[in-house]
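Q: Here you go, this is query.txt (compact mmCIF, C-alpha atoms and all ligand atoms).
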# COMPACT_ATOMS: atom_id res chain seq x y z
CA MET A 1 -73.26 37.68 -66.85
CA LYS A 2 -76.71 39.21 -67.27
CA PRO A 3 -79.57 37.92 -65.09
CA VAL A 4 -81.24 34.92 -66.74
CA PRO A 5 -84.94 35.70 -67.34
CA LEU A 6 -87.43 33.21 -65.91
CA ASP A 7 -88.68 32.16 -69.31
CA GLN A 8 -85.15 31.26 -70.47
CA GLN A 9 -84.02 29.18 -67.49
CA GLN A 10 -85.43 25.83 -68.64
CA SER A 11 -84.02 26.26 -72.12
CA LEU A 12 -80.61 27.13 -70.64
CA VAL A 13 -80.67 23.94 -68.55
CA GLU A 14 -81.69 21.92 -71.60
CA ARG A 15 -78.99 23.47 -73.80
CA LEU A 16 -76.28 22.72 -71.24
CA MET A 17 -77.62 19.16 -70.82
CA GLN A 18 -77.28 18.71 -74.58
CA ALA A 19 -73.80 20.19 -74.43
CA CYS A 20 -72.82 17.63 -71.76
CA GLY A 21 -73.45 14.90 -74.33
CA GLY A 22 -73.05 11.24 -73.56
CA ALA A 23 -76.74 10.59 -72.89
CA TYR A 24 -78.06 7.10 -73.67
CA SER A 25 -81.23 6.57 -75.66
CA PRO A 26 -84.41 5.42 -73.91
CA ALA A 27 -84.06 2.08 -75.76
CA THR A 28 -80.56 1.58 -74.35
CA ARG A 29 -81.66 2.55 -70.83
CA ARG A 30 -84.44 -0.02 -70.99
CA LYS A 31 -81.91 -2.84 -71.40
CA TYR A 32 -80.89 -2.50 -67.74
CA PHE A 33 -83.04 -3.58 -64.79
CA ILE A 34 -83.28 0.00 -63.53
CA THR A 35 -86.30 0.77 -61.37
CA GLY A 36 -87.65 4.19 -60.50
CA PRO A 37 -89.51 4.74 -57.23
CA GLN A 38 -92.65 6.85 -57.12
CA TRP A 39 -91.34 8.52 -53.96
CA ALA A 40 -88.00 9.56 -55.48
CA ALA A 41 -89.55 11.44 -58.38
CA ALA A 42 -92.34 12.87 -56.20
CA TYR A 43 -90.01 14.02 -53.40
CA GLU A 44 -90.80 17.68 -52.78
CA GLY A 45 -87.56 18.60 -51.01
CA HIS A 46 -89.03 18.59 -47.51
CA ALA A 47 -87.31 17.34 -44.35
CA LEU A 48 -87.27 18.04 -40.64
CA PHE A 49 -85.53 21.38 -41.16
CA HIS A 50 -86.55 21.91 -44.78
CA ALA A 51 -89.70 23.30 -46.38
CA PRO A 52 -90.66 21.80 -49.74
CA THR A 53 -89.02 23.37 -52.80
CA ARG A 54 -91.05 21.50 -55.43
CA SER A 55 -94.76 20.99 -56.07
CA PRO A 56 -96.44 17.55 -55.86
CA VAL A 57 -96.26 15.12 -58.79
CA GLY A 58 -98.77 12.28 -59.12
CA PHE A 59 -98.11 8.74 -60.29
CA GLU A 60 -99.52 9.34 -63.77
CA GLU A 61 -96.90 12.00 -64.48
CA VAL A 62 -94.08 9.99 -62.84
CA ILE A 63 -94.90 6.89 -64.89
CA ARG A 64 -95.23 8.96 -68.07
CA GLN A 65 -91.83 10.55 -67.50
CA TYR A 66 -90.18 7.21 -66.64
CA GLY A 67 -91.58 5.77 -69.86
CA ARG A 68 -90.30 8.74 -71.87
CA LEU A 69 -86.82 8.51 -70.33
CA GLY A 70 -86.53 4.72 -70.72
CA ILE A 71 -86.77 3.81 -67.03
CA GLY A 72 -88.55 0.53 -67.63
CA TYR A 73 -89.79 -0.22 -64.09
CA TRP A 74 -91.68 1.68 -61.39
CA CYS A 75 -92.14 0.89 -57.70
CA THR A 76 -94.10 2.45 -54.88
CA HIS A 77 -95.12 2.46 -51.23
CA ASP A 78 -98.83 1.74 -50.77
CA THR A 79 -99.49 5.22 -49.35
CA ASP A 80 -97.40 7.03 -51.99
CA VAL A 81 -100.37 6.45 -54.25
CA ILE A 82 -103.32 5.44 -52.05
CA PRO A 83 -104.34 7.66 -49.11
CA ALA A 84 -104.21 5.67 -45.84
CA GLU A 85 -107.95 6.08 -45.34
CA ALA A 86 -108.69 4.59 -48.80
CA LEU A 87 -106.64 1.41 -48.31
CA GLY A 88 -108.66 -1.75 -48.79
CA LYS A 89 -111.69 0.22 -50.03
CA ASP A 90 -113.21 0.69 -53.50
CA GLN A 91 -111.05 3.79 -53.92
CA GLN A 92 -107.97 1.56 -53.70
CA ALA A 93 -109.27 -0.64 -56.51
CA ALA A 94 -109.98 2.43 -58.65
CA ILE A 95 -106.48 3.85 -58.07
CA VAL A 96 -104.78 0.50 -58.76
CA ALA A 97 -106.74 0.26 -62.02
CA ARG A 98 -105.54 3.77 -62.98
CA ILE A 99 -101.95 2.78 -62.15
CA GLY A 100 -102.27 -0.34 -64.31
CA ALA A 101 -103.52 1.77 -67.21
CA ALA A 102 -100.72 4.33 -66.81
CA LEU A 103 -98.11 1.55 -66.77
CA ARG A 104 -99.55 -0.06 -69.90
CA ASP A 105 -99.89 3.25 -71.76
CA ASN A 106 -96.26 4.14 -71.10
CA GLY A 107 -94.59 0.75 -71.51
CA VAL A 108 -93.48 0.66 -67.86
CA ALA A 109 -93.75 -2.40 -65.56
CA CYS A 110 -94.27 -2.43 -61.81
CA SER A 111 -91.23 -4.17 -60.27
CA MET A 112 -91.80 -3.77 -56.56
CA VAL A 113 -94.30 -2.71 -53.92
CA THR A 114 -93.56 -1.73 -50.34
CA THR A 115 -95.64 -0.89 -47.31
CA GLU A 116 -95.14 2.45 -45.59
CA THR A 117 -94.61 1.49 -41.93
CA PHE A 118 -92.70 4.55 -40.73
CA HIS A 119 -94.55 7.81 -41.48
CA HIS A 120 -98.12 7.61 -40.20
CA ALA A 121 -98.87 8.24 -36.52
CA VAL A 122 -100.11 4.65 -36.20
CA TRP A 123 -96.45 3.51 -36.41
CA ALA A 124 -95.24 5.71 -33.54
CA ALA A 125 -94.31 2.57 -31.59
CA SER A 126 -93.37 0.64 -34.78
CA PRO A 127 -95.38 -1.93 -36.77
CA ALA A 128 -94.39 -4.47 -34.08
CA ALA A 129 -95.81 -2.36 -31.24
CA GLU A 130 -97.11 -3.79 -27.95
CA ALA A 131 -100.75 -3.05 -28.78
CA PRO A 132 -102.25 -6.05 -30.64
CA GLN A 133 -104.44 -3.82 -32.82
CA VAL A 134 -101.36 -2.07 -34.25
CA ARG A 135 -99.79 -5.44 -35.12
CA GLU A 136 -103.03 -6.71 -36.61
CA TYR A 137 -103.25 -3.52 -38.68
CA ALA A 138 -99.60 -3.93 -39.76
CA ALA A 139 -100.21 -7.52 -40.90
CA TRP A 140 -103.30 -6.37 -42.81
CA ARG A 141 -101.32 -3.59 -44.50
CA LEU A 142 -98.56 -6.00 -45.55
CA LYS A 143 -101.08 -8.49 -46.93
CA ASN A 144 -102.89 -5.70 -48.76
CA THR A 145 -99.60 -4.57 -50.33
CA VAL A 146 -98.84 -8.14 -51.45
CA ALA A 147 -102.26 -8.24 -53.16
CA ILE A 148 -101.59 -4.89 -54.88
CA GLY A 149 -98.18 -6.19 -55.98
CA HIS A 150 -99.71 -9.24 -57.62
CA GLU A 151 -102.36 -7.15 -59.29
CA LEU A 152 -99.73 -4.84 -60.79
CA GLY A 153 -97.43 -7.71 -61.80
CA ALA A 154 -94.63 -6.98 -59.30
CA GLN A 155 -91.85 -9.49 -58.57
CA PHE A 156 -90.58 -7.99 -55.32
CA ALA A 157 -91.84 -6.65 -52.02
CA VAL A 158 -89.48 -4.55 -49.88
CA TYR A 159 -89.61 -3.82 -46.14
CA TRP A 160 -87.66 -1.03 -44.52
CA PRO A 161 -88.39 -1.29 -40.77
CA GLY A 162 -87.17 2.22 -39.99
CA SER A 163 -89.50 2.57 -37.04
CA LEU A 164 -88.57 -0.81 -35.51
CA GLY A 165 -86.67 0.50 -32.52
CA TYR A 166 -86.98 3.11 -29.82
CA SER A 167 -85.92 6.55 -28.77
CA VAL A 168 -85.93 6.00 -25.00
CA GLN A 169 -84.20 3.02 -23.42
CA GLY A 170 -85.97 0.22 -21.63
CA ALA A 171 -89.37 1.09 -23.08
CA ILE A 172 -89.57 -2.00 -25.32
CA GLU A 173 -88.44 -5.58 -24.94
CA GLU A 174 -86.21 -6.27 -27.93
CA THR A 175 -86.61 -10.05 -28.25
CA GLN A 176 -90.41 -9.82 -28.04
CA THR A 177 -90.50 -6.96 -30.54
CA LEU A 178 -88.43 -8.97 -33.03
CA ARG A 179 -90.77 -11.96 -32.58
CA TRP A 180 -93.74 -9.71 -33.31
CA TYR A 181 -91.98 -8.24 -36.34
CA ALA A 182 -91.42 -11.78 -37.66
CA GLU A 183 -95.13 -12.50 -37.26
CA GLY A 184 -95.93 -9.60 -39.61
CA LEU A 185 -93.52 -10.91 -42.25
CA ASN A 186 -94.90 -14.42 -41.83
CA ALA A 187 -98.41 -13.10 -42.46
CA ALA A 188 -97.18 -11.39 -45.65
CA CYS A 189 -95.43 -14.54 -46.94
CA GLU A 190 -98.41 -16.76 -46.15
CA ALA A 191 -100.84 -14.36 -47.85
CA ASP A 192 -98.45 -14.24 -50.81
CA ILE A 193 -98.42 -18.04 -51.15
CA ALA A 194 -102.24 -18.09 -51.20
CA VAL A 195 -102.66 -15.19 -53.67
CA ALA A 196 -99.90 -16.45 -55.97
CA ALA A 197 -101.48 -19.93 -56.09
CA LYS A 198 -104.87 -18.42 -56.90
CA LEU A 199 -103.46 -16.27 -59.71
CA GLY A 200 -101.00 -18.85 -61.02
CA ARG A 201 -98.12 -16.41 -60.47
CA PRO A 202 -94.79 -16.96 -58.69
CA THR A 203 -94.63 -15.66 -55.13
CA LEU A 204 -92.93 -12.32 -54.57
CA LYS A 205 -89.37 -12.03 -53.37
CA HIS A 206 -89.63 -10.37 -49.94
CA CYS A 207 -86.60 -8.18 -49.28
CA LEU A 208 -85.55 -6.57 -46.00
CA GLU A 209 -83.78 -3.21 -46.14
CA ALA A 210 -81.59 -2.08 -43.25
CA LYS A 211 -80.63 1.44 -42.22
CA PRO A 212 -78.47 1.97 -39.12
CA PHE A 213 -80.33 5.02 -37.77
CA GLU A 214 -83.26 7.31 -38.69
CA PRO A 215 -86.10 7.76 -37.99
CA GLN A 216 -85.86 5.83 -34.70
CA ALA A 217 -82.93 6.74 -32.47
CA GLU A 218 -82.01 3.07 -31.99
CA ILE A 219 -82.89 0.41 -34.54
CA LEU A 220 -83.37 -3.31 -33.81
CA LEU A 221 -82.22 -4.53 -37.23
CA PRO A 222 -79.68 -1.84 -38.15
CA THR A 223 -77.56 -3.59 -40.80
CA SER A 224 -77.92 -6.07 -43.65
CA ASP A 225 -75.91 -8.52 -41.54
CA ALA A 226 -78.36 -8.19 -38.64
CA MET A 227 -81.09 -8.97 -41.13
CA LEU A 228 -79.28 -12.06 -42.41
CA ALA A 229 -79.14 -13.30 -38.82
CA PHE A 230 -82.84 -12.47 -38.37
CA ILE A 231 -83.76 -14.41 -41.54
CA ALA A 232 -81.80 -17.42 -40.19
CA SER A 233 -83.09 -17.04 -36.61
CA GLY A 234 -85.87 -19.61 -36.90
CA LEU A 235 -88.55 -16.93 -36.37
CA LEU A 236 -89.65 -16.89 -40.01
CA THR A 237 -92.00 -19.54 -41.30
CA HIS A 238 -90.70 -19.01 -44.87
CA PRO A 239 -87.06 -17.90 -44.65
CA GLU A 240 -86.55 -19.07 -48.23
CA MET A 241 -88.96 -16.31 -49.39
CA VAL A 242 -87.07 -13.55 -47.55
CA GLY A 243 -83.86 -11.90 -48.75
CA LEU A 244 -82.22 -8.50 -48.73
CA ASN A 245 -82.53 -5.11 -50.37
CA PRO A 246 -79.32 -3.43 -49.25
CA GLU A 247 -79.04 0.30 -49.91
CA TYR A 248 -75.59 1.60 -50.88
CA LEU A 249 -75.72 4.68 -48.63
CA HIS A 250 -77.28 2.83 -45.68
CA GLU A 251 -74.13 0.68 -45.56
CA LEU A 252 -71.86 3.74 -45.67
CA MET A 253 -73.92 5.34 -42.89
CA TRP A 254 -72.59 2.82 -40.36
CA GLY A 255 -69.07 3.00 -41.77
CA ALA A 256 -69.23 -0.26 -43.72
CA ALA A 257 -67.51 -1.02 -46.99
CA PRO A 258 -70.54 -1.49 -49.29
CA ARG A 259 -68.66 -4.08 -51.36
CA ALA A 260 -68.03 -6.21 -48.28
CA SER A 261 -71.69 -5.95 -47.17
CA LEU A 262 -72.81 -6.97 -50.65
CA ALA A 263 -70.31 -9.85 -50.69
CA ARG A 264 -71.78 -11.23 -47.46
CA ALA A 265 -75.29 -10.98 -48.93
CA LEU A 266 -74.11 -12.70 -52.15
CA LEU A 267 -72.49 -15.54 -50.21
CA SER A 268 -75.76 -16.07 -48.32
CA GLY A 269 -77.71 -16.18 -51.60
CA LYS A 270 -79.81 -13.25 -50.35
CA LEU A 271 -78.81 -10.34 -52.59
CA TRP A 272 -82.11 -9.94 -54.41
CA HIS A 273 -82.69 -6.19 -54.79
CA PHE A 274 -80.37 -3.18 -54.50
CA ASP A 275 -81.14 0.49 -53.72
CA ILE A 276 -78.60 2.62 -55.56
CA ASN A 277 -77.56 6.10 -54.50
CA ASP A 278 -74.56 7.84 -52.97
CA GLY A 279 -73.53 9.91 -49.96
CA TYR A 280 -71.00 10.32 -47.19
CA ARG A 281 -69.73 7.89 -44.56
CA LEU A 282 -71.02 8.08 -40.98
CA LYS A 283 -73.54 10.81 -41.79
CA HIS A 284 -77.29 10.86 -42.25
CA ASP A 285 -79.33 9.60 -45.18
CA VAL A 286 -78.69 12.27 -47.82
CA ASP A 287 -79.69 9.99 -50.73
CA ILE A 288 -77.53 11.66 -53.38
CA GLY A 289 -77.69 10.38 -56.98
CA VAL A 290 -75.54 7.33 -57.77
CA GLY A 291 -71.91 8.07 -58.57
CA LEU A 292 -71.85 11.75 -57.58
CA VAL A 293 -69.80 11.18 -54.41
CA ASN A 294 -67.95 7.86 -54.65
CA PRO A 295 -67.60 6.94 -58.34
CA LEU A 296 -64.49 4.80 -57.77
CA ASP A 297 -66.21 2.82 -55.04
CA TRP A 298 -69.25 2.46 -57.28
CA LEU A 299 -67.06 1.12 -60.08
CA ASN A 300 -65.71 -1.48 -57.66
CA VAL A 301 -69.20 -2.36 -56.40
CA LEU A 302 -70.38 -2.99 -59.95
CA VAL A 303 -67.30 -5.09 -60.76
CA LEU A 304 -68.30 -7.29 -57.82
CA LEU A 305 -71.96 -7.53 -58.87
CA ARG A 306 -71.15 -8.15 -62.56
CA SER A 307 -68.58 -10.81 -61.67
CA HIS A 308 -71.17 -12.65 -59.58
CA GLY A 309 -73.99 -12.43 -62.11
CA TYR A 310 -76.30 -10.26 -59.96
CA ASN A 311 -79.44 -9.87 -62.08
CA GLY A 312 -81.87 -8.14 -59.69
CA PRO A 313 -83.16 -4.59 -59.86
CA PHE A 314 -81.08 -1.45 -59.44
CA ASN A 315 -83.52 0.83 -57.67
CA LEU A 316 -82.92 4.57 -57.95
CA ASP A 317 -83.65 5.27 -54.27
CA TYR A 318 -82.21 8.76 -54.16
CA LYS A 319 -83.60 12.24 -53.71
CA PRO A 320 -83.24 14.84 -56.44
CA PRO A 321 -81.55 17.78 -54.64
CA ARG A 322 -83.75 20.53 -53.20
CA THR A 323 -82.07 22.95 -55.61
CA THR A 324 -83.43 21.02 -58.60
CA SER A 325 -86.77 22.31 -59.92
CA ASN A 326 -89.83 20.24 -60.90
CA HIS A 327 -88.67 20.58 -64.51
CA GLY A 328 -85.12 19.62 -63.52
CA VAL A 329 -86.24 16.36 -61.86
CA PHE A 330 -87.02 14.81 -65.24
CA ALA A 331 -84.82 17.03 -67.45
CA VAL A 332 -81.61 16.51 -65.46
CA SER A 333 -81.85 14.47 -62.27
CA PHE A 334 -83.29 11.14 -63.48
CA PRO A 335 -81.61 10.95 -66.91
CA THR A 336 -78.20 11.78 -65.45
CA ALA A 337 -78.58 9.30 -62.56
CA VAL A 338 -79.55 6.53 -64.99
CA ASP A 339 -76.75 7.41 -67.39
CA ARG A 340 -74.07 7.52 -64.68
CA PHE A 341 -75.19 4.09 -63.56
CA ILE A 342 -75.01 2.70 -67.10
CA THR A 343 -71.57 4.23 -67.65
CA LEU A 344 -70.29 2.75 -64.38
CA TRP A 345 -71.83 -0.64 -65.25
CA GLU A 346 -70.12 -0.63 -68.66
CA MET A 347 -66.84 0.51 -67.09
CA ALA A 348 -67.14 -2.42 -64.69
CA GLY A 349 -67.34 -4.66 -67.78
CA GLU A 350 -64.15 -3.04 -69.07
CA ALA A 351 -62.42 -3.63 -65.73
CA ILE A 352 -63.43 -7.30 -65.82
CA ALA A 353 -62.07 -7.64 -69.37
CA ASP A 354 -58.91 -5.59 -68.77
CA PRO A 355 -55.82 -7.69 -69.60
CA ILE A 356 -53.60 -5.86 -67.11
CA LEU A 357 -55.99 -6.44 -64.22
CA ALA A 358 -56.56 -10.05 -65.30
CA GLU A 359 -52.84 -10.81 -65.41
CA ALA A 360 -52.26 -9.12 -62.06
CA TYR A 361 -55.05 -11.10 -60.34
CA GLU A 362 -53.81 -14.36 -61.85
CA ALA A 363 -50.22 -13.70 -60.81
CA LEU A 364 -51.33 -12.93 -57.24
CA LYS A 365 -53.22 -16.22 -57.12
CA ALA A 366 -50.27 -18.16 -58.56
CA GLY A 367 -48.06 -16.78 -55.77
CA GLY A 368 -44.25 -16.79 -55.63
CA PRO A 369 -41.87 -19.78 -55.76
CA PRO A 370 -42.24 -22.59 -53.23
CA ALA A 371 -40.89 -21.65 -49.81
CA ALA A 372 -39.99 -23.87 -46.88
CA ALA A 373 -43.24 -25.07 -45.31
CA HIS A 374 -44.42 -23.21 -42.21
CA ASP A 375 -41.58 -20.71 -42.51
CA ALA A 376 -43.32 -17.34 -42.22
CA ALA A 377 -40.31 -15.26 -43.24
CA ALA A 378 -39.62 -17.41 -46.32
CA ILE A 379 -43.30 -17.35 -47.41
CA ALA A 380 -43.43 -13.57 -47.02
CA ALA A 381 -40.20 -13.18 -49.01
CA SER A 382 -41.52 -15.43 -51.79
CA ASN A 383 -44.45 -13.05 -52.41
CA ARG A 384 -42.73 -9.76 -51.61
CA ASP A 385 -42.66 -8.17 -55.04
CA LEU A 386 -45.89 -9.73 -56.26
CA LEU A 387 -47.87 -7.88 -53.61
CA THR A 388 -46.96 -4.54 -55.22
CA LEU A 389 -49.66 -5.54 -57.70
CA HIS A 390 -52.34 -4.55 -55.17
CA GLU A 391 -51.40 -0.90 -55.60
CA LEU A 392 -51.01 -1.29 -59.35
CA ILE A 393 -54.55 -2.73 -59.52
CA ALA A 394 -55.95 0.26 -57.63
CA HIS A 395 -54.12 2.62 -60.01
CA ARG A 396 -55.44 0.75 -63.02
CA LEU A 397 -59.03 1.02 -61.74
CA VAL A 398 -58.62 4.81 -61.45
CA GLN A 399 -57.25 4.84 -65.01
CA ILE A 400 -60.38 2.98 -66.12
CA LEU A 401 -62.55 5.46 -64.21
CA VAL A 402 -61.01 8.46 -65.97
CA GLY A 403 -60.60 6.83 -69.37
CA GLN A 404 -56.78 6.60 -69.45
CA HIS A 405 -56.98 2.89 -70.29
CA ARG A 406 -58.49 3.99 -73.61
CA GLY A 407 -55.61 6.35 -74.29
CA ARG A 408 -57.01 9.55 -72.78
CA THR A 409 -53.99 11.75 -72.10
CA PHE A 410 -53.33 15.11 -70.51
CA SER A 411 -50.69 17.27 -72.12
CA ILE A 412 -48.75 19.05 -69.43
CA PRO A 413 -46.04 21.48 -70.64
CA ASP A 414 -42.54 20.47 -69.50
C1 LIG B 1 -85.39 5.09 -46.36
C2 LIG B 1 -85.45 4.24 -47.56
C3 LIG B 1 -86.82 3.89 -48.00
C4 LIG B 1 -86.94 2.47 -48.48
C5 LIG B 1 -88.35 2.21 -48.92
C6 LIG B 1 -88.48 0.83 -49.50
C7 LIG B 1 -88.08 5.79 -48.67
O1 LIG B 1 -84.12 5.48 -46.09
O2 LIG B 1 -84.45 3.92 -48.15
O3 LIG B 1 -87.19 4.78 -49.02
O4 LIG B 1 -86.06 2.21 -49.52
O5 LIG B 1 -89.20 2.37 -47.84
O6 LIG B 1 -89.13 -0.01 -48.72
MG MG B 2 -81.46 6.20 -48.12
MG MG B 3 -83.91 2.59 -49.68
Translate this file's structure into structure tokens.

A:
Amino acid sequence: MKPVPLDQQQSLVERLMQACGGAYSPATRRKYFITGPQWAAAYEGHALFHAPTRSPVGFEEVIRQYGRLGIGYWCTHDTDVIPAEALGKDQQAAIVARIGAALRDNGVACSMVTTETFHHAVWAASPAAEAPQVREYAAWRLKNTVAIGHELGAQFAVYWPGSLGYSVQGAIEETQTLRWYAEGLNAACEADIAVAAKLGRPTLKHCLEAKPFEPQAEILLPTSDAMLAFIASGLLTHPEMVGLNPEYLHELMWGAAPRASLARALLSGKLWHFDINDGYRLKHDVDIGVGLVNPLDWLNVLVLLRSHGYNGPFNLDYKPPRTTSNHGVFAVSFPTAVDRFITLWEMAGEAIADPILAEAYEALKAGGPPAAAHDAAAIAASNRDLLTLHELIAHRLVQILVGQHRGRTFSIPD
């Protein structure tokens, strides 16, 4: 092939996107509670060993593009949009007013706000550090974020305590640090109750997000389950206001089965928000777009969530690859991530309605003929052939994933 001239590269990408087909309209995309983070679209491709590959994008452009694509909700960290030194000042009010205008102009709503408590040097020893002025500053930042959330009409606040831990052992006292961390959350919930009452709005849903490692070497609340225990520990003054925001890849990072983690959160009534992405087990946080690595697992995750009536946000917390250009972020990365999610969600609906799966599940629950009570061998024998259905179910789910349940065939010469 001939070299592709610079001025033809975007049109080539767009032509091949068209040729892929299967894109949903913005109106269809808006029917799902899909939320787009400011930080995901604005990610410049930088990391510890990586220089940026893309130029900065401000919130006005991100919100405009989300509106154009049909991503109906936007969320942000406080410092994604407000410089740390402007927080709480007039400049904050001016920026929040500009955000409100951009949201209104583009038909996008703010779903969630979150406080950055991991990047700035002030969090070197975490937001629950020994020094009282750090903890007082952390509580002020959380309360300020709650106020911004109410002003922008958000329903959720998320907390990822990625710096709540240590890199050298024995330096911090874990029980004390967790008590201090709870005090920060308590301050946020109490401020929320006061602001919500003043504005006549419901309080926010405060959601904890676990990640097993990164950026601290050791993390005090590394999993969603650790967070469930923390919520129930008695340290929170308003445990009913605090739930979870699991992230799909964060569960894989510690080797968990995401479906099982989500099931435990569902059973606790704490699955309120969900960061969707993809990646590899027992590796670092690569934040790949949903469905690009584990589509079969994703199908199964969405069968679980659809069956249990999960109606919270699906937050596109992924990173467009470093190889994708600024143009590609909105021409390819976001529309394809959204559309894969919608396809997997609809497939999950097909799996739930599938007569073969339904009959197999029912038969398994009916069990085999009565067997002599407390006779292990007889009970096992009674169910022996029924249990083959487990493998048949797995096969059927792959057929649904590749479209064979709708008659898609492959003609292979004899
Ligand atoms: C880090 C994350 C975070 C959180 C965000 C929300 C940058 O791995 O997943 O995204 O989702 O801080 O609070
Ligand atoms: Mg992640
Ligand atoms: Mg996340």

Q: Using all atoms listed in the file, determine which residues lie at most 9 Å from segment 14-22 of chain A, disregarding the query and same-chain residues fewer than 3 positions distant; provide the list as JSON, numbers by chain.

A: {"A": [9, 10, 11, 331, 332, 339]}

Q: Would you list the contacts of Phe156 of chain A as a ChimeraX atom specification, taking every protein, DNA or RNA residue within 7 Å and counting all atoms listed in the file, but skipping same-chain residues closer than 6 positions in sequence?

A: /A:111-113,204-206

Q: Which distance in Å separates atom CA of His119 of chain A and atom CA of Ser333 of chain A, to one decimal?

A: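 Computing it gives 25.3 Å between the two atoms.
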
Q: Pick the closest to ligand MG 3 (chain B) from A:Ala363, A:Ala154, A:Ala260, A:Val286: which is it, counting all atoms listed in the file?

A: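 Counting all atoms listed in the file, the residue closest to ligand MG 3 (chain B) is A:Val286.
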
Q: Rank A:Thr35, A:Ser325, A:Thr203, A:Thr145 by their smallest atom-to-atom distance to Gly88 of chain A, using only C-alpha atoms, and report the top residue only.

A: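 Ranked by minimum distance to Gly88 of chain A, first place goes to A:Thr145.
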
Q: Let me see if you get this right: every residue at most 6 Å from ligand MG 3 (chain B), counting only C-alpha atoms and all ligand atoms, written as a list in words.

A: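 For ligand MG 3 (chain B), the residues inside 6 Å are Glu247, Asp275 and Asp317 of chain A.
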
Q: Taking 5 positions as the minimum chain separation for residues in the same chain, which residues sit within 12 Å of Tyr361 of chain A when counting only C-alpha atoms? Answer as a list in words.

A: Ala351, Ile352, Ala353, Asp354, Pro355, Ile356, Ala366, Gly367, Leu386, Leu387, Thr388, Leu389, His390, Glu391, Leu392, Ile393 and Ala394 of chain A

Q: What do you get as a PyMOL selection string if you pick all residues at most 10 Å from ligand MG 2 (chain B), counting only C-alpha atoms and all ligand atoms?

A: chain A and resi 209-211+214+246-251+253+275-279+284-288+317-319

Q: Output C-alpha atoms for every residue in the selection just made, as a PDB file, in the frame of the given file.

A:
ATOM      1  CA  GLU A 209     -83.780  -3.210 -46.140  1.00  0.00           C
ATOM      2  CA  ALA A 210     -81.590  -2.080 -43.250  1.00  0.00           C
ATOM      3  CA  LYS A 211     -80.630   1.440 -42.220  1.00  0.00           C
ATOM      4  CA  GLU A 214     -83.260   7.310 -38.690  1.00  0.00           C
ATOM      5  CA  PRO A 246     -79.320  -3.430 -49.250  1.00  0.00           C
ATOM      6  CA  GLU A 247     -79.040   0.300 -49.910  1.00  0.00           C
ATOM      7  CA  TYR A 248     -75.590   1.600 -50.880  1.00  0.00           C
ATOM      8  CA  LEU A 249     -75.720   4.680 -48.630  1.00  0.00           C
ATOM      9  CA  HIS A 250     -77.280   2.830 -45.680  1.00  0.00           C
ATOM     10  CA  GLU A 251     -74.130   0.680 -45.560  1.00  0.00           C
ATOM     11  CA  MET A 253     -73.920   5.340 -42.890  1.00  0.00           C
ATOM     12  CA  ASP A 275     -81.140   0.490 -53.720  1.00  0.00           C
ATOM     13  CA  ILE A 276     -78.600   2.620 -55.560  1.00  0.00           C
ATOM     14  CA  ASN A 277     -77.560   6.100 -54.500  1.00  0.00           C
ATOM     15  CA  ASP A 278     -74.560   7.840 -52.970  1.00  0.00           C
ATOM     16  CA  GLY A 279     -73.530   9.910 -49.960  1.00  0.00           C
ATOM     17  CA  HIS A 284     -77.290  10.860 -42.250  1.00  0.00           C
ATOM     18  CA  ASP A 285     -79.330   9.600 -45.180  1.00  0.00           C
ATOM     19  CA  VAL A 286     -78.690  12.270 -47.820  1.00  0.00           C
ATOM     20  CA  ASP A 287     -79.690   9.990 -50.730  1.00  0.00           C
ATOM     21  CA  ILE A 288     -77.530  11.660 -53.380  1.00  0.00           C
ATOM     22  CA  ASP A 317     -83.650   5.270 -54.270  1.00  0.00           C
ATOM     23  CA  TYR A 318     -82.210   8.760 -54.160  1.00  0.00           C
ATOM     24  CA  LYS A 319     -83.600  12.240 -53.710  1.00  0.00           C
TER      25      LYS A 319
END

Q: Just checking: using all atoms listed in the file, which residue out of A:Leu235, A:Leu142, A:Val158, A:Leu152 ends up closest to Thr114 of chain A?

A: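 The shortest atom-to-atom distance to Thr114 of chain A comes from A:Val158.
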
Q: Box time for segment 282-285 of chain A: axis-aligned, enclosing all its listed atoms, 8 Å extra on each side; report centre and edge lengths in Å to one decimal, as lines of an AutoDock Vina configuration file.

A:
center_x = -75.2
center_y = 9.5
center_z = -43.1
size_x = 24.3
size_y = 18.8
size_z = 20.2

Q: List the neighbours of Asn383 of chain A out to 9 Å using only C-alpha atoms; skip same-chain residues closer than 5 positions along the sequence, and give me the result as a PyMOL selection string.

A: chain A and resi 364+367-369+378

Q: For Gln92 of chain A, list every protein, DNA or RNA residue within 10 Å, evaluated using all atoms listed in the file, and leave out those in the same chain fewer than 3 positions away; present the list as a ChimeraX atom specification.

A: /A:78,81-89,95-98,148

Q: Could you tell me how far atom CA of Thr115 of chain A sits from atom CA of Pro132 of chain A, in Å to one decimal place?

A: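 Pair atom CA of Pro132 of chain A / atom CA of Thr115 of chain A returns 18.7 Å.
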
Q: So which one's closest to ligand LIG 1 (chain B), A:Pro5, A:Gly153, A:Gly170, A:Pro161? Using all atoms listed in the file, please.

A: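 Once distances to ligand LIG 1 (chain B) are computed over all atoms listed in the file, the minimum belongs to A:Pro161.
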